[in-house]
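What follows is one structure encoded as structure tokens, with my remarks underneath.
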Amino acid sequence: MMRIGLFTDAYLPEITGVTTAVSQLRAELERLGHETYVYAPRYDRPYDEEPRTFRFRSGGVFAYKTARIAVPYSHEASKSFGALDVVHSHTPFSLAYAAFTAAYRHRLPHVQTYHTYLSQYRHYIPRPIRPSVRAAEKYSAALCNRCSVITVPTRSILDELVRFGVRRPIRILPFGPDMNVYAQPAVWEPRKAMGIPDGAPLLLYAGRMAGEKNLSFVLEAFAKVHETAENAVMAWAGDGPLRAWLEEESDRLGLHDAVRFPGFLDRQRLTDLYKETDLFLFASKTETQGLVLAEAMAGGAPVIAVRAMGVRDVVADGVSGILVSESVDEFAGCVVGTLADPGLRVTLSEGARRAAEEMSLQNCARRFAEIYEESRAEAPRPRTWRRLVGRRVRARRQRSRLTATRR
């Protein structure tokens with residue numbers, strides 16, 4: 001049994017790919033018999049508190065007010081650091097420094113999971129203080145090089161980190177869905193709840209509604225799809241800064257009756273929606289993986305996506321979905337053609353489920369536990385470290401005395 005500290009700047013009640021990954025990983029590690037400690041921001045809105053969860057004072061993040069940036073110090077949290085066997089950070093932001101403090105002070109191995117492709121999220125920082133792309137890449141490298149081992153969800157991100165200058169060991173380990181949830185009976189009837197007629201093609205986007213997700217492209221493509229498949233309905237599950245704009249733009253394009261905005265859905269209701277979906281549409285080009293892709297695939301929803309870094313490592317073109325270039329006409333044509341070919345949709349749906357099972361949460365948690373054990377075995381023991389530091393201090397003092405004597 002290990003005691004594992006999970007450090008994250010995004011956690012419940014915020015709903016993002018990172019919060020989903022961290023909360024599900026915690027539950028699975030606990031099921032495997034380990035003890036987890038979570039270090040996360042404090043939120044203004046209500047949330048259910050969990051045992052061994054430490055909340056840090058926090059505030060809004062510039063233009064993205066639902067996210068939080070935490071003050072990386074908590075006296076209560078710091079008292080728990082000594083109980084940990086391994087540190088696992090899921091953030092490059094403020095609480096990464098709390099993770100560094102815990103690892104340094106107690107000589108613990110530090111695993112860093114690279115969830116966020118930082119250079120593509122610079123638009124949330126005001127222009128006067130916005131770093132350049134290269135500066136964001138150097139920051140990522142500097143942060144990763146202070147850790148024991150880095151995990152990334154895809155080969156594309158591994159190649160990027162190497163290009164940035166990361167020299168620490170990197171392991172490819174994608175986060176996947178909790179397959180146990182998909183085996184449970186339905187608790188929600190999405191079509192009935194959203195007023196979608198039986199037989200009408202249901203298209204879906206789920207996730208954060210923000211600029212980096214390229215949602216204006218998806219909406220424009222759906223408008224073209226609707227010209228041919230007039231009974232098709234597009235559901236937008238989730239929330240974010242762009243939700244109001246998407247609703248207004250849908251009305252402007254004459255799609256009011258063809259779109260649905262169910263908002264945030266709990267895990268089981270979102271799973272039921274995936275199972276009812278004919279095609280999952282995705283156009284983000286900033287993903288390290290795109291956990292939502294694996295979730296949709298686990299529900300049997302084939303993915304139509306823009307061919308981009310991260311996405312192409314999750315979606316096998318022609319097997320679990322179809323990848324296209326960033327062309328509205330090509331994307332819309334692919335959606336219409338796939339809707340018109342039931343046999344292709346069945347083939348892609350079966351391939352999507354198989355791929356999701358390979359990336360399952362259960363496999364992911366077991367592999368992380370192995371990485372933790374490997375990191376602990378390779379980490380220097382505290383006594384050895386103290387002897388090493390002692391020798392260096394004594395050597396420095398001796399050099400100082402020699403220098404003083406020569407003077």
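Ligands are numbered from 1 in the order shown, residues from 1 within each chain, and chains are lettered A, B, ... in the order they appear in the structure tokens.
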
Taking the backbone alone, and naming residues the way the document does, which bits of region 53-99 of chain A are alpha helix (DSSP H) by DSSP, as a list in words?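 Answer for region 53-99 of chain A restricted to alpha helix (DSSP H) is His75, Glu76, Ala77, Ser78, Lys79, Ser80, Ser94, Leu95, Ala96, Tyr97, Ala98 and Ala99 of chain A.
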
Give me the region 125-239 of chain A side of the contact with region 103-113 of chain A, cut-off 12 Å, one line per residue showing its nearest atom pair and distance in Å at one decimal, counting only C-alpha atoms, sorted by chain and residue number, as JSON lines.
```
{"residue": "A:Ser140", "atom": "CA", "partner": "A:Gln112", "partner_atom": "CA", "distance": 11.0}
{"residue": "A:Ala141", "atom": "CA", "partner": "A:Gln112", "partner_atom": "CA", "distance": 11.7}
{"residue": "A:Leu143", "atom": "CA", "partner": "A:Gln112", "partner_atom": "CA", "distance": 9.0}
{"residue": "A:Cys144", "atom": "CA", "partner": "A:Gln112", "partner_atom": "CA", "distance": 7.0}
{"residue": "A:Asn145", "atom": "CA", "partner": "A:Gln112", "partner_atom": "CA", "distance": 9.8}
{"residue": "A:Arg146", "atom": "CA", "partner": "A:His110", "partner_atom": "CA", "distance": 8.4}
{"residue": "A:Cys147", "atom": "CA", "partner": "A:His110", "partner_atom": "CA", "distance": 5.2}
{"residue": "A:Ser148", "atom": "CA", "partner": "A:His110", "partner_atom": "CA", "distance": 5.1}
{"residue": "A:Val149", "atom": "CA", "partner": "A:Val111", "partner_atom": "CA", "distance": 5.1}
{"residue": "A:Ile150", "atom": "CA", "partner": "A:Gln112", "partner_atom": "CA", "distance": 4.9}
{"residue": "A:Thr151", "atom": "CA", "partner": "A:Thr113", "partner_atom": "CA", "distance": 4.7}
{"residue": "A:Val152", "atom": "CA", "partner": "A:Thr113", "partner_atom": "CA", "distance": 6.0}
{"residue": "A:Pro153", "atom": "CA", "partner": "A:Thr113", "partner_atom": "CA", "distance": 8.4}
{"residue": "A:Thr154", "atom": "CA", "partner": "A:Thr113", "partner_atom": "CA", "distance": 11.4}
{"residue": "A:Ile157", "atom": "CA", "partner": "A:Thr113", "partner_atom": "CA", "distance": 11.1}
{"residue": "A:Leu158", "atom": "CA", "partner": "A:Thr113", "partner_atom": "CA", "distance": 11.2}
{"residue": "A:Leu161", "atom": "CA", "partner": "A:Thr113", "partner_atom": "CA", "distance": 11.8}
{"residue": "A:Arg168", "atom": "CA", "partner": "A:Gln112", "partner_atom": "CA", "distance": 10.5}
{"residue": "A:Pro169", "atom": "CA", "partner": "A:Val111", "partner_atom": "CA", "distance": 10.1}
{"residue": "A:Ile170", "atom": "CA", "partner": "A:Gln112", "partner_atom": "CA", "distance": 9.5}
{"residue": "A:Arg171", "atom": "CA", "partner": "A:Thr113", "partner_atom": "CA", "distance": 9.4}
{"residue": "A:Ile172", "atom": "CA", "partner": "A:Thr113", "partner_atom": "CA", "distance": 9.9}
{"residue": "A:Leu173", "atom": "CA", "partner": "A:Thr113", "partner_atom": "CA", "distance": 9.1}
{"residue": "A:Pro174", "atom": "CA", "partner": "A:Thr113", "partner_atom": "CA", "distance": 10.0}
{"residue": "A:Phe175", "atom": "CA", "partner": "A:Thr113", "partner_atom": "CA", "distance": 10.3}
```

Generate a file of the selected residues that holds C-alpha atoms, formatted as a CSV table (one decimal), in the first residue's frame.
```
chain,number,residue,atom,x,y,z
A,140,SER,CA,7.3,23.3,-19.6
A,141,ALA,CA,10.8,21.9,-20.0
A,143,LEU,CA,9.2,22.2,-14.8
A,144,CYS,CA,9.4,18.6,-16.2
A,145,ASN,CA,13.2,18.5,-15.7
A,146,ARG,CA,12.7,18.9,-12.0
A,147,CYS,CA,10.6,15.7,-11.8
A,148,SER,CA,11.6,12.1,-11.4
A,149,VAL,CA,9.5,10.9,-14.4
A,150,ILE,CA,7.0,12.4,-16.8
A,151,THR,CA,3.9,10.7,-18.1
A,152,VAL,CA,2.2,11.8,-21.3
A,153,PRO,CA,-1.0,10.4,-23.0
A,154,THR,CA,0.4,10.1,-26.5
A,157,ILE,CA,3.2,14.9,-26.8
A,158,LEU,CA,6.4,12.9,-25.9
A,161,LEU,CA,8.5,17.5,-24.8
A,168,ARG,CA,13.8,13.2,-17.7
A,169,PRO,CA,12.3,9.8,-18.4
A,170,ILE,CA,9.0,10.0,-20.2
A,171,ARG,CA,6.3,7.3,-20.2
A,172,ILE,CA,3.3,7.1,-22.6
A,173,LEU,CA,0.2,6.4,-20.5
A,174,PRO,CA,-3.2,7.5,-21.8
A,175,PHE,CA,-6.0,8.2,-19.5
```

Report as a ChimeraX atom specification all protein, DNA and RNA residues lying within 6 Å of Met209 (chain A), evaluated on only C-alpha atoms, omitting residues in the same chain fewer than 3 positions from it. /A:239-240,242-243

Near Gly321 (chain A), within 6 Å and counting only C-alpha atoms, which residues show up once chain neighbours fewer than 3 positions away are dropped, as an NGL selection string? :A and (302-304 or 315 or 317-318 or 348)

For Gly333 (chain A): contacts at 12 Å, only C-alpha atoms, fewer than 2 positions along chain excluded, given as a list of chain:residue names: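 Non-adjacent residues within range: A:Ala221, A:Phe222, A:Ala223, A:Lys224, A:Val225, A:His226, A:Glu227, A:Thr228, A:Ala229, A:Ile304, A:Ile322, A:Val324, A:Ser325, A:Ser327, A:Val328, A:Asp329, A:Glu330, A:Phe331, A:Val335, A:Val336, A:Gly337, A:Thr338, A:Leu339, A:Ala340.
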
Just the number, please: distance in Å from CA of Gly211 (chain A) to CA of Tyr117 (chain A), one decimal. 14.2 Å

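Remark: for Glu276 (chain A), the closest of the candidate residues A:Trp188, A:Tyr37, A:Phe7, A:Tyr97 is A:Trp188 (distances computed over only C-alpha atoms).
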
With distances taken over only C-alpha atoms, which residue among A:Ala83, A:Ala369, A:Ala136, A:Val306 lies nearest Leu215 (chain A)? A:Val306

Would you pick out the contacts of Arg57 (chain A) at 7 Å or less, using only C-alpha atoms, so that residues sharing its chain but fewer than 4 positions from it are not included, and give the list as a ChimeraX atom specification? /A:41-42,70-71

To test your reading of the structure, identify every residue in region 265-363 of chain A that backbone DSSP assigns to strand (DSSP E), and report it as a list in words. Leu279, Phe280, Leu281, Phe282, Val303, Ile304, Ala305, Val306, Gly321, Ile322, Leu323 and Val324 of chain A

Expected file contents, prior selection, C-alpha atoms, as a compact mmCIF listing (two decimals), in the first residue's frame:
```txt
# COMPACT_ATOMS: atom_id res chain seq x y z
CA LEU A 279 -21.39 10.65 -34.19
CA PHE A 280 -19.11 12.60 -31.85
CA LEU A 281 -17.70 15.77 -33.46
CA PHE A 282 -14.35 17.22 -32.37
CA VAL A 303 -15.51 10.16 -33.72
CA ILE A 304 -15.27 12.60 -36.61
CA ALA A 305 -12.33 14.85 -35.77
CA VAL A 306 -9.83 17.26 -37.23
CA GLY A 321 -13.45 7.15 -36.20
CA ILE A 322 -12.49 9.32 -39.15
CA LEU A 323 -9.85 12.06 -39.20
CA VAL A 324 -10.06 14.91 -41.69
```

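Taking CA of Glu137 (chain A) and CA of Val166 (chain A) as endpoints, the distance between them is 9.8 Å.
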